[in-house]
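**Q** structure.tsv (TSV, C-alpha atoms and all ligand atoms) pasted underneath:
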chain	number	residue	atom	x	y	z
A	1	MET	CA	-50.49	165.16	-118.89
A	2	LEU	CA	-50.42	168.95	-118.47
A	3	GLY	CA	-47.34	169.39	-120.62
A	4	ILE	CA	-45.46	171.32	-117.96
A	5	PRO	CA	-41.82	170.65	-117.04
A	6	GLU	CA	-41.06	168.40	-114.10
A	7	LYS	CA	-38.40	170.84	-112.92
A	8	ASP	CA	-41.22	173.24	-111.89
A	9	GLY	CA	-42.38	170.73	-109.25
A	10	GLU	CA	-41.13	172.83	-106.29
A	11	LEU	CA	-43.19	175.79	-107.54
A	12	PHE	CA	-46.39	173.71	-107.51
A	13	ILE	CA	-45.66	172.23	-104.08
A	14	ASN	CA	-45.22	175.74	-102.65
A	15	TRP	CA	-48.41	177.04	-104.28
A	16	ILE	CA	-50.51	174.15	-102.97
A	17	HIS	CA	-48.98	174.60	-99.50
A	18	ASP	CA	-49.79	178.34	-99.62
A	19	ILE	CA	-53.31	177.90	-101.04
A	20	LEU	CA	-54.59	174.92	-99.04
A	21	GLU	CA	-52.65	175.19	-95.79
A	22	LEU	CA	-51.30	178.70	-94.99
A	23	GLY	CA	-53.97	180.41	-97.14
A	24	ILE	CA	-56.78	179.15	-94.91
A	25	LYS	CA	-55.71	181.66	-92.24
A	26	ASP	CA	-53.94	184.30	-94.32
A	27	ASP	CA	-55.75	185.92	-97.27
A	28	ARG	CA	-52.62	187.71	-98.42
A	29	ILE	CA	-50.69	184.45	-98.87
A	30	LEU	CA	-53.73	182.88	-100.57
A	31	MET	CA	-54.19	185.69	-103.10
A	32	GLN	CA	-50.47	185.90	-103.86
A	33	ALA	CA	-50.25	182.16	-104.58
A	34	VAL	CA	-53.46	182.13	-106.68
A	35	GLN	CA	-52.18	185.07	-108.72
A	36	GLU	CA	-48.79	183.48	-109.30
A	37	MET	CA	-50.41	180.21	-110.33
A	38	SER	CA	-52.83	181.96	-112.67
A	39	ALA	CA	-49.97	183.89	-114.27
A	40	TYR	CA	-48.12	180.61	-114.79
A	41	PHE	CA	-51.14	179.08	-116.50
A	42	ARG	CA	-51.95	182.20	-118.48
A	43	ARG	CA	-49.96	180.53	-121.19
A	44	PRO	CA	-52.49	177.74	-121.84
A	45	ASP	CA	-51.60	177.60	-125.52
A	46	ARG	CA	-48.20	176.12	-124.82
A	47	ALA	CA	-49.40	173.71	-122.13
A	48	ALA	CA	-52.58	172.57	-123.94
A	49	GLN	CA	-50.89	171.99	-127.26
A	50	GLU	CA	-48.09	170.09	-125.63
A	51	ALA	CA	-50.58	167.98	-123.65
A	52	SER	CA	-52.79	167.05	-126.61
A	53	HIS	CA	-49.68	166.24	-128.64
A	54	ARG	CA	-48.53	163.73	-126.01
A	55	ARG	CA	-51.99	162.45	-125.09
A	56	PRO	CA	-54.47	162.68	-127.99
A	57	ASP	CA	-57.29	161.73	-125.59
A	58	PHE	CA	-56.54	164.77	-123.43
A	59	ASP	CA	-57.80	167.72	-125.43
A	60	VAL	CA	-58.60	170.73	-123.29
A	61	ASP	CA	-58.91	172.98	-126.32
A	62	GLU	CA	-60.82	171.58	-129.24
A	63	ARG	CA	-60.08	174.67	-131.30
A	64	ALA	CA	-56.30	174.38	-131.08
A	65	GLY	CA	-54.63	176.39	-133.78
A	66	GLN	CA	-57.54	178.81	-134.15
A	67	GLU	CA	-58.08	182.06	-132.34
A	68	ARG	CA	-59.67	181.31	-129.00
A	69	SER	CA	-62.31	183.25	-127.15
A	70	ALA	CA	-61.63	184.60	-123.67
A	71	ALA	CA	-64.16	182.08	-122.29
A	72	VAL	CA	-62.32	179.12	-123.79
A	73	ARG	CA	-59.00	180.45	-122.54
A	74	ARG	CA	-60.45	180.88	-119.03
A	75	ALA	CA	-61.92	177.36	-119.08
A	76	CYS	CA	-58.62	175.98	-120.29
A	77	ALA	CA	-56.61	177.77	-117.57
A	78	GLY	CA	-59.19	176.67	-114.95
A	79	THR	CA	-58.92	173.03	-116.05
A	80	LEU	CA	-55.14	173.18	-115.81
A	81	ARG	CA	-55.31	174.70	-112.31
A	82	LEU	CA	-57.92	172.16	-111.15
A	83	LEU	CA	-55.92	169.20	-112.46
A	84	LEU	CA	-52.75	170.45	-110.79
A	85	ILE	CA	-54.33	171.08	-107.37
A	86	ALA	CA	-56.53	167.92	-107.50
A	87	GLY	CA	-53.56	165.76	-108.44
A	88	ILE	CA	-51.17	167.00	-105.75
A	89	ASP	CA	-53.15	167.61	-102.56
A	90	THR	CA	-55.17	164.37	-102.77
A	91	THR	CA	-52.22	162.10	-103.34
A	92	TRP	CA	-49.83	163.64	-100.82
A	93	SER	CA	-52.52	163.61	-98.12
A	94	ALA	CA	-53.53	160.01	-98.89
A	95	ILE	CA	-49.95	158.74	-99.07
A	96	GLY	CA	-48.91	160.71	-95.96
A	97	ALA	CA	-51.84	159.44	-93.87
A	98	SER	CA	-51.27	155.84	-95.01
A	99	LEU	CA	-47.55	155.92	-94.19
A	100	TRP	CA	-48.29	157.55	-90.82
A	101	HIS	CA	-50.82	154.81	-90.02
A	102	LEU	CA	-48.39	152.04	-90.96
A	103	ALA	CA	-45.59	153.70	-88.97
A	104	LYS	CA	-47.69	153.84	-85.77
A	105	THR	CA	-49.46	150.49	-86.23
A	106	PRO	CA	-46.81	147.73	-86.46
A	107	ALA	CA	-49.46	144.95	-86.52
A	108	ASP	CA	-51.01	146.33	-89.75
A	109	ARG	CA	-47.56	146.89	-91.25
A	110	LYS	CA	-46.50	143.29	-90.56
A	111	ARG	CA	-49.79	141.94	-91.87
A	112	LEU	CA	-49.52	143.88	-95.12
A	113	ILE	CA	-45.97	142.63	-95.66
A	114	ALA	CA	-47.05	139.03	-94.98
A	115	GLU	CA	-50.23	139.31	-97.08
A	116	PRO	CA	-49.56	141.78	-99.94
A	117	GLU	CA	-52.79	140.67	-101.64
A	118	LEU	CA	-54.56	142.79	-98.98
A	119	LEU	CA	-53.18	145.99	-100.53
A	120	PRO	CA	-56.35	146.97	-102.49
A	121	THR	CA	-58.48	146.54	-99.32
A	122	ALA	CA	-55.89	148.43	-97.26
A	123	ILE	CA	-56.00	151.35	-99.71
A	124	GLU	CA	-59.81	151.49	-99.51
A	125	GLU	CA	-59.57	151.48	-95.72
A	126	PHE	CA	-56.88	154.21	-95.65
A	127	LEU	CA	-59.12	156.36	-97.87
A	128	ARG	CA	-62.12	155.68	-95.64
A	129	ALA	CA	-60.43	156.14	-92.27
A	130	TYR	CA	-58.34	159.22	-93.13
A	131	SER	CA	-60.59	160.79	-95.83
A	132	PRO	CA	-57.99	162.95	-97.54
A	133	VAL	CA	-60.58	164.90	-99.56
A	134	THR	CA	-63.62	166.90	-98.51
A	135	MET	CA	-65.96	168.61	-100.96
A	136	ALA	CA	-68.36	171.55	-100.74
A	137	ARG	CA	-71.53	172.33	-102.65
A	138	GLU	CA	-73.47	175.54	-103.23
A	139	VAL	CA	-77.14	175.36	-102.25
A	140	MET	CA	-79.41	175.92	-105.28
A	141	LYS	CA	-82.83	176.01	-103.66
A	142	GLU	CA	-84.24	176.59	-100.20
A	143	THR	CA	-84.51	173.38	-98.22
A	144	GLU	CA	-83.56	171.73	-94.92
A	145	ILE	CA	-80.64	169.43	-94.22
A	146	SER	CA	-81.13	167.37	-91.04
A	147	GLY	CA	-83.42	170.08	-89.71
A	148	CYS	CA	-81.09	172.95	-90.58
A	149	PRO	CA	-82.61	175.47	-93.02
A	150	VAL	CA	-80.40	176.40	-95.99
A	151	LYS	CA	-80.86	179.12	-98.63
A	152	PRO	CA	-79.67	179.49	-102.22
A	153	GLY	CA	-76.08	180.71	-102.25
A	154	ASN	CA	-75.19	179.07	-98.90
A	155	MET	CA	-72.22	176.74	-99.00
A	156	VAL	CA	-72.44	173.24	-97.52
A	157	LEU	CA	-69.39	171.23	-96.53
A	158	LEU	CA	-69.91	167.52	-97.14
A	159	SER	CA	-67.98	165.99	-94.29
A	160	PHE	CA	-66.53	162.85	-95.86
A	161	PRO	CA	-64.49	162.09	-92.70
A	162	ALA	CA	-67.74	161.93	-90.65
A	163	ALA	CA	-69.65	159.93	-93.30
A	164	ASN	CA	-66.75	157.50	-93.60
A	165	ARG	CA	-66.91	156.81	-89.86
A	166	ASP	CA	-70.69	156.46	-89.70
A	167	PRO	CA	-71.41	153.51	-87.37
A	168	ALA	CA	-74.70	152.91	-89.19
A	169	VAL	CA	-72.75	152.08	-92.35
A	170	PHE	CA	-69.41	150.64	-91.20
A	171	PRO	CA	-68.88	148.10	-88.43
A	172	ASP	CA	-66.23	149.36	-85.97
A	173	ALA	CA	-66.34	152.63	-87.90
A	174	ASP	CA	-64.00	154.51	-85.57
A	175	ARG	CA	-61.31	151.86	-85.28
A	176	SER	CA	-58.38	152.57	-87.58
B	1	LIG	C1	-56.34	159.81	-103.27
B	1	LIG	C2	-56.51	160.40	-104.44
B	1	LIG	C3	-57.75	161.15	-104.86
B	1	LIG	C4	-58.96	161.29	-104.21
B	1	LIG	C5	-59.38	160.73	-102.85
B	1	LIG	C6	-59.78	162.11	-105.08
B	1	LIG	C7	-61.10	162.47	-104.79
B	1	LIG	C8	-61.92	163.19	-105.62
B	1	LIG	C9	-63.32	163.50	-105.37
B	1	LIG	C10	-64.09	163.07	-104.12
B	1	LIG	C11	-63.77	164.23	-106.41
B	1	LIG	C12	-65.22	164.70	-106.62
B	1	LIG	C13	-65.31	166.15	-106.38
B	1	LIG	C14	-66.74	166.64	-106.39
B	1	LIG	O1	-67.67	165.85	-106.49
B	1	LIG	O2	-66.90	167.87	-106.28
B	1	LIG	C15	-62.66	164.42	-107.32
B	1	LIG	C16	-62.72	165.14	-108.50
B	1	LIG	C17	-61.64	165.38	-109.33
B	1	LIG	N1	-60.39	164.83	-109.22
B	1	LIG	FE1	-59.77	163.59	-107.77
B	1	LIG	N2	-59.10	162.43	-106.22
B	1	LIG	C18	-57.85	161.88	-106.12
B	1	LIG	C19	-56.80	161.99	-107.03
B	1	LIG	C20	-56.85	162.76	-108.16
B	1	LIG	C21	-55.73	162.94	-109.09
B	1	LIG	C22	-54.37	162.25	-108.95
B	1	LIG	C23	-56.15	163.80	-110.06
B	1	LIG	C24	-55.44	164.35	-111.28
B	1	LIG	C25	-54.20	164.09	-111.63
B	1	LIG	C26	-57.52	164.17	-109.74
B	1	LIG	C27	-58.29	165.03	-110.49
B	1	LIG	C28	-59.61	165.33	-110.24
B	1	LIG	C29	-60.40	166.24	-111.05
B	1	LIG	C30	-59.92	166.99	-112.30
B	1	LIG	C31	-61.68	166.28	-110.47
B	1	LIG	C32	-62.89	167.08	-110.94
B	1	LIG	C33	-63.73	166.25	-111.86
B	1	LIG	C34	-64.98	166.98	-112.30
B	1	LIG	O3	-65.48	167.85	-111.55
B	1	LIG	O4	-65.47	166.69	-113.37
B	1	LIG	N3	-57.91	163.52	-108.60
B	1	LIG	N4	-61.56	163.77	-106.84
Is it possible to express this structure as structure tokens?
**A**
Amino acid sequence: MLGIPEKDGELFINWIHDILELGIKDDRILMQAVQEMSAYFRRPDRAAQEASHRRPDFDVDERAGQERSAAVRRACAGTLRLLLIAGIDTTWSAIGASLWHLAKTPADRKRLIAEPELLPTAIEEFLRAYSPVTMAREVMKETEISGCPVKPGNMVLLSFPAANRDPAVFPDADRS
């Protein structure tokens, strides 16, 4: 989809590890990885053209072939970075948590083998119980959230893991 060679996989794995895991506590590691990744994607022409050639429905640069403005190049590089990070961290966390659950819960493992038609439900439940993704939003106008005042520019973390275990919504919410 991104038109980048599979052999670069180890590079991406290391960047995501540095940015999302080690980088949380170490700014130096974070900045280094972000810079390396940006330099890699500073060649959006090659990647975007390759991608739209393989997948006509994936066109990150509608002006391919023409001179591009800095804004379009930035948007293009940002889209490539977002797709790469969004595609790796989500899936390895979801797959890892699901395998860990099945490894420590033999009853669920046996049931899934005996009743493979339960797989779609099991996937929904793995996503709910282990919530591999959490999003943040920037506050746009002054308001209150559950009694807590927030101001424009504040960041709010939407705790999907808490919402997904809300007993008011899910029966036995905390049983996984
Ligand atoms: C278990 C797998 C995944 C989960 C749980 C997941 C979850 C999410 C969530 C919750 C959002 C919304 C973000 C927001 O509202 O700010 C999102 C956005 C996005 N995801 Fe995923 N995702 C998964 C897999 C993937 C994969 C495999 C890719 C790409 C290969 C991907 C690419 C994206 C992109 C590009 C966005 C941003 C869309 C936009 O802002 O318009 N995701 N994802």
**Q** Provide an axis-aligned box for all listed atoms of ligand LIG 1 (chain B), padding each side by 8 Å; report its centre and its edge lengths in Å to one decimal, as JSON.
**A**
{"center_x": -60.9, "center_y": 163.8, "center_z": -108.1, "size_x": 29.5, "size_y": 24.1, "size_z": 26.5}
**Q** Atom C7 of ligand LIG 1 (chain B) to CA of Glu142 in chain A: how many Å, to one decimal?
**A**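 Taking atom C7 of ligand LIG 1 (chain B) and CA of Glu142 in chain A, their separation equals 27.5 Å.
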**Q** Please indicate the distance in Å from atom O3 of ligand LIG 1 (chain B) to CA of Ala77 in chain A, rounded to one decimal place.
**A**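 Separation of atom O3 of ligand LIG 1 (chain B) and CA of Ala77 in chain A: 14.6 Å.
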**Q** Quote the spacing between atom C21 of ligand LIG 1 (chain B) and CA of Arg111 in chain A in Å to one decimal place.
**A**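 Distance between the two atoms: 27.8 Å.
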**Q** Taking (-79.0, 173.6, -100.9) in the file's coordinates as the center, which residues reach within 7 Å of it, counting all atoms listed in the file, put as a VMD selection string?
**A** chain A and resid 138 to 143 150 to 152 154
**Q** Write out as a count of residues only which residues come within 8 Å of Ala136 in chain A when counting only C-alpha atoms, dropping same-chain ones fewer than 2 positions away.
**A** 6
**Q** Between A:Arg128, A:Lys104, A:Arg28, A:Lys7, single out the one closest to ligand LIG 1 (chain B), counting only C-alpha atoms and all ligand atoms.
**A**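 Checking each of A:Arg128, A:Lys104, A:Arg28, A:Lys7 against ligand LIG 1 (chain B), counting only C-alpha atoms and all ligand atoms, the winner is A:Arg128.
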**Q** From the set A:Arg137, A:Arg42, A:His17, A:Arg175, which residue has the shortest atom-to-atom contact distance to ligand LIG 1 (chain B), counting all atoms listed in the file?
**A**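 Checking each of A:Arg137, A:Arg42, A:His17, A:Arg175 against ligand LIG 1 (chain B), counting all atoms listed in the file, the winner is A:Arg137.
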**Q** Find the residues near ligand LIG 1 (chain B). Use a cut-off of 7 Å, count only C-alpha atoms and all ligand atoms, and write them as JSON, numbers by chain.
**A** {"A": [82, 83, 84, 86, 87, 88, 90, 91, 94, 127, 132, 133, 134, 135, 136]}
**Q** Pick the closest to Leu20 in chain A from A:Ser69, A:Ser38, A:Ser146, A:Ser93: which is it, counting all atoms listed in the file?
**A**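 Result for the nearest residue to Leu20 in chain A: A:Ser93.
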**Q** Between A:Phe41, A:Glu124, A:Ala162, A:Ile13, single out the one closest to Thr79 in chain A, counting only C-alpha atoms.
**A** A:Phe41
**Q** Within 12 Å of Ile123 in chain A, counting all atoms listed in the file, which residues show up once you throw out same-chain ones fewer than 5 positions away? Write them as number ranges by chain, please.
**A** A: 91, 94-95, 97-99, 101-102, 112, 116-118, 128-132
**Q** So which one's closest to Ile4 in chain A, A:Met31, A:Gly23, A:Leu80, A:Pro149? Using only C-alpha atoms, please.
**A**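 Of A:Met31, A:Gly23, A:Leu80, A:Pro149, the one nearest Ile4 in chain A, counting only C-alpha atoms, is A:Leu80.
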**Q** Using all atoms listed in the file, pick whichever of A:Val34, A:Tyr40, A:Ile113, A:Phe12 has the shortest atom-to-atom distance to Asp89 in chain A.
**A** A:Phe12
**Q** Could you complete range 104-115 of chain A so that it carries all heavy atoms, and give it back as a PDB file, in the frame of the given file?
**A**
ATOM      1  N   LYS A 104     -47.276 153.902 -87.192  1.00  0.00           N
ATOM      2  CA  LYS A 104     -47.690 153.840 -85.770  1.00  0.00           C
ATOM      3  C   LYS A 104     -48.475 152.568 -85.455  1.00  0.00           C
ATOM      4  O   LYS A 104     -48.885 152.379 -84.311  1.00  0.00           O
ATOM      5  CB  LYS A 104     -48.507 155.089 -85.407  1.00  0.00           C
ATOM      6  CG  LYS A 104     -49.914 155.137 -85.969  1.00  0.00           C
ATOM      7  CD  LYS A 104     -50.583 156.442 -85.599  1.00  0.00           C
ATOM      8  CE  LYS A 104     -51.915 156.597 -86.276  1.00  0.00           C
ATOM      9  NZ  LYS A 104     -53.031 155.881 -85.763  1.00  0.00           N
ATOM     10  N   THR A 105     -48.696 151.714 -86.469  1.00  0.00           N
ATOM     11  CA  THR A 105     -49.460 150.490 -86.230  1.00  0.00           C
ATOM     12  C   THR A 105     -48.674 149.277 -86.753  1.00  0.00           C
ATOM     13  O   THR A 105     -48.952 148.767 -87.847  1.00  0.00           O
ATOM     14  CB  THR A 105     -50.846 150.557 -86.933  1.00  0.00           C
ATOM     15  OG1 THR A 105     -51.331 151.902 -86.881  1.00  0.00           O
ATOM     16  CG2 THR A 105     -51.852 149.611 -86.301  1.00  0.00           C
ATOM     17  N   PRO A 106     -47.676 148.809 -85.971  1.00  0.00           N
ATOM     18  CA  PRO A 106     -46.810 147.730 -86.460  1.00  0.00           C
ATOM     19  C   PRO A 106     -47.590 146.482 -86.874  1.00  0.00           C
ATOM     20  O   PRO A 106     -47.202 145.804 -87.836  1.00  0.00           O
ATOM     21  CB  PRO A 106     -45.895 147.428 -85.270  1.00  0.00           C
ATOM     22  CG  PRO A 106     -46.004 148.612 -84.371  1.00  0.00           C
ATOM     23  CD  PRO A 106     -47.319 149.266 -84.629  1.00  0.00           C
ATOM     24  N   ALA A 107     -48.718 146.181 -86.194  1.00  0.00           N
ATOM     25  CA  ALA A 107     -49.460 144.950 -86.520  1.00  0.00           C
ATOM     26  C   ALA A 107     -49.977 145.027 -87.975  1.00  0.00           C
ATOM     27  O   ALA A 107     -49.876 144.047 -88.729  1.00  0.00           O
ATOM     28  CB  ALA A 107     -50.628 144.774 -85.556  1.00  0.00           C
ATOM     29  N   ASP A 108     -50.510 146.179 -88.378  1.00  0.00           N
ATOM     30  CA  ASP A 108     -51.010 146.330 -89.750  1.00  0.00           C
ATOM     31  C   ASP A 108     -49.854 146.266 -90.756  1.00  0.00           C
ATOM     32  O   ASP A 108     -49.985 145.718 -91.844  1.00  0.00           O
ATOM     33  CB  ASP A 108     -51.751 147.667 -89.909  1.00  0.00           C
ATOM     34  CG  ASP A 108     -53.122 147.629 -89.241  1.00  0.00           C
ATOM     35  OD1 ASP A 108     -53.519 146.545 -88.773  1.00  0.00           O
ATOM     36  OD2 ASP A 108     -53.784 148.685 -89.187  1.00  0.00           O
ATOM     37  N   ARG A 109     -48.721 146.877 -90.350  1.00  0.00           N
ATOM     38  CA  ARG A 109     -47.560 146.890 -91.250  1.00  0.00           C
ATOM     39  C   ARG A 109     -47.096 145.462 -91.508  1.00  0.00           C
ATOM     40  O   ARG A 109     -46.901 145.047 -92.646  1.00  0.00           O
ATOM     41  CB  ARG A 109     -46.447 147.709 -90.600  1.00  0.00           C
ATOM     42  CG  ARG A 109     -45.356 148.107 -91.560  1.00  0.00           C
ATOM     43  CD  ARG A 109     -44.431 149.128 -90.950  1.00  0.00           C
ATOM     44  NE  ARG A 109     -43.669 148.613 -89.820  1.00  0.00           N
ATOM     45  CZ  ARG A 109     -43.669 149.149 -88.603  1.00  0.00           C
ATOM     46  NH1 ARG A 109     -44.418 150.204 -88.335  1.00  0.00           N
ATOM     47  NH2 ARG A 109     -42.930 148.631 -87.639  1.00  0.00           N
ATOM     48  N   LYS A 110     -46.973 144.674 -90.416  1.00  0.00           N
ATOM     49  CA  LYS A 110     -46.500 143.290 -90.560  1.00  0.00           C
ATOM     50  C   LYS A 110     -47.481 142.477 -91.382  1.00  0.00           C
ATOM     51  O   LYS A 110     -47.098 141.662 -92.214  1.00  0.00           O
ATOM     52  CB  LYS A 110     -46.298 142.658 -89.171  1.00  0.00           C
ATOM     53  CG  LYS A 110     -45.075 143.196 -88.474  1.00  0.00           C
ATOM     54  CD  LYS A 110     -44.814 142.480 -87.149  1.00  0.00           C
ATOM     55  CE  LYS A 110     -43.707 143.208 -86.394  1.00  0.00           C
ATOM     56  NZ  LYS A 110     -44.024 143.476 -85.011  1.00  0.00           N
ATOM     57  N   ARG A 111     -48.774 142.703 -91.156  1.00  0.00           N
ATOM     58  CA  ARG A 111     -49.790 141.940 -91.870  1.00  0.00           C
ATOM     59  C   ARG A 111     -49.740 142.237 -93.377  1.00  0.00           C
ATOM     60  O   ARG A 111     -49.844 141.342 -94.216  1.00  0.00           O
ATOM     61  CB  ARG A 111     -51.178 142.293 -91.324  1.00  0.00           C
ATOM     62  CG  ARG A 111     -52.235 141.363 -91.846  1.00  0.00           C
ATOM     63  CD  ARG A 111     -53.528 141.477 -91.105  1.00  0.00           C
ATOM     64  NE  ARG A 111     -54.519 140.675 -91.784  1.00  0.00           N
ATOM     65  CZ  ARG A 111     -55.802 140.946 -91.805  1.00  0.00           C
ATOM     66  NH1 ARG A 111     -56.269 141.985 -91.156  1.00  0.00           N
ATOM     67  NH2 ARG A 111     -56.645 140.173 -92.468  1.00  0.00           N
ATOM     68  N   LEU A 112     -49.559 143.496 -93.702  1.00  0.00           N
ATOM     69  CA  LEU A 112     -49.520 143.880 -95.120  1.00  0.00           C
ATOM     70  C   LEU A 112     -48.285 143.305 -95.823  1.00  0.00           C
ATOM     71  O   LEU A 112     -48.340 142.920 -96.991  1.00  0.00           O
ATOM     72  CB  LEU A 112     -49.529 145.409 -95.223  1.00  0.00           C
ATOM     73  CG  LEU A 112     -50.126 146.025 -96.480  1.00  0.00           C
ATOM     74  CD1 LEU A 112     -51.477 145.436 -96.823  1.00  0.00           C
ATOM     75  CD2 LEU A 112     -50.226 147.542 -96.312  1.00  0.00           C
ATOM     76  N   ILE A 113     -47.174 143.227 -95.069  1.00  0.00           N
ATOM     77  CA  ILE A 113     -45.970 142.630 -95.660  1.00  0.00           C
ATOM     78  C   ILE A 113     -46.186 141.133 -95.870  1.00  0.00           C
ATOM     79  O   ILE A 113     -45.841 140.579 -96.907  1.00  0.00           O
ATOM     80  CB  ILE A 113     -44.733 142.880 -94.747  1.00  0.00           C
ATOM     81  CG1 ILE A 113     -44.393 144.371 -94.770  1.00  0.00           C
ATOM     82  CG2 ILE A 113     -43.530 142.051 -95.198  1.00  0.00           C
ATOM     83  CD1 ILE A 113     -43.387 144.805 -93.711  1.00  0.00           C
ATOM     84  N   ALA A 114     -46.829 140.484 -94.897  1.00  0.00           N
ATOM     85  CA  ALA A 114     -47.050 139.030 -94.980  1.00  0.00           C
ATOM     86  C   ALA A 114     -48.138 138.693 -96.009  1.00  0.00           C
ATOM     87  O   ALA A 114     -48.089 137.637 -96.636  1.00  0.00           O
ATOM     88  CB  ALA A 114     -47.442 138.489 -93.609  1.00  0.00           C
ATOM     89  N   GLU A 115     -49.111 139.599 -96.171  1.00  0.00           N
ATOM     90  CA  GLU A 115     -50.230 139.310 -97.080  1.00  0.00           C
ATOM     91  C   GLU A 115     -50.422 140.460 -98.087  1.00  0.00           C
ATOM     92  O   GLU A 115     -51.412 141.192 -98.006  1.00  0.00           O
ATOM     93  CB  GLU A 115     -51.527 139.124 -96.292  1.00  0.00           C
ATOM     94  CG  GLU A 115     -51.471 138.034 -95.230  1.00  0.00           C
ATOM     95  CD  GLU A 115     -52.712 138.059 -94.341  1.00  0.00           C
ATOM     96  OE1 GLU A 115     -53.816 137.800 -94.849  1.00  0.00           O
ATOM     97  OE2 GLU A 115     -52.581 138.372 -93.138  1.00  0.00           O
TER      98      GLU A 115
END
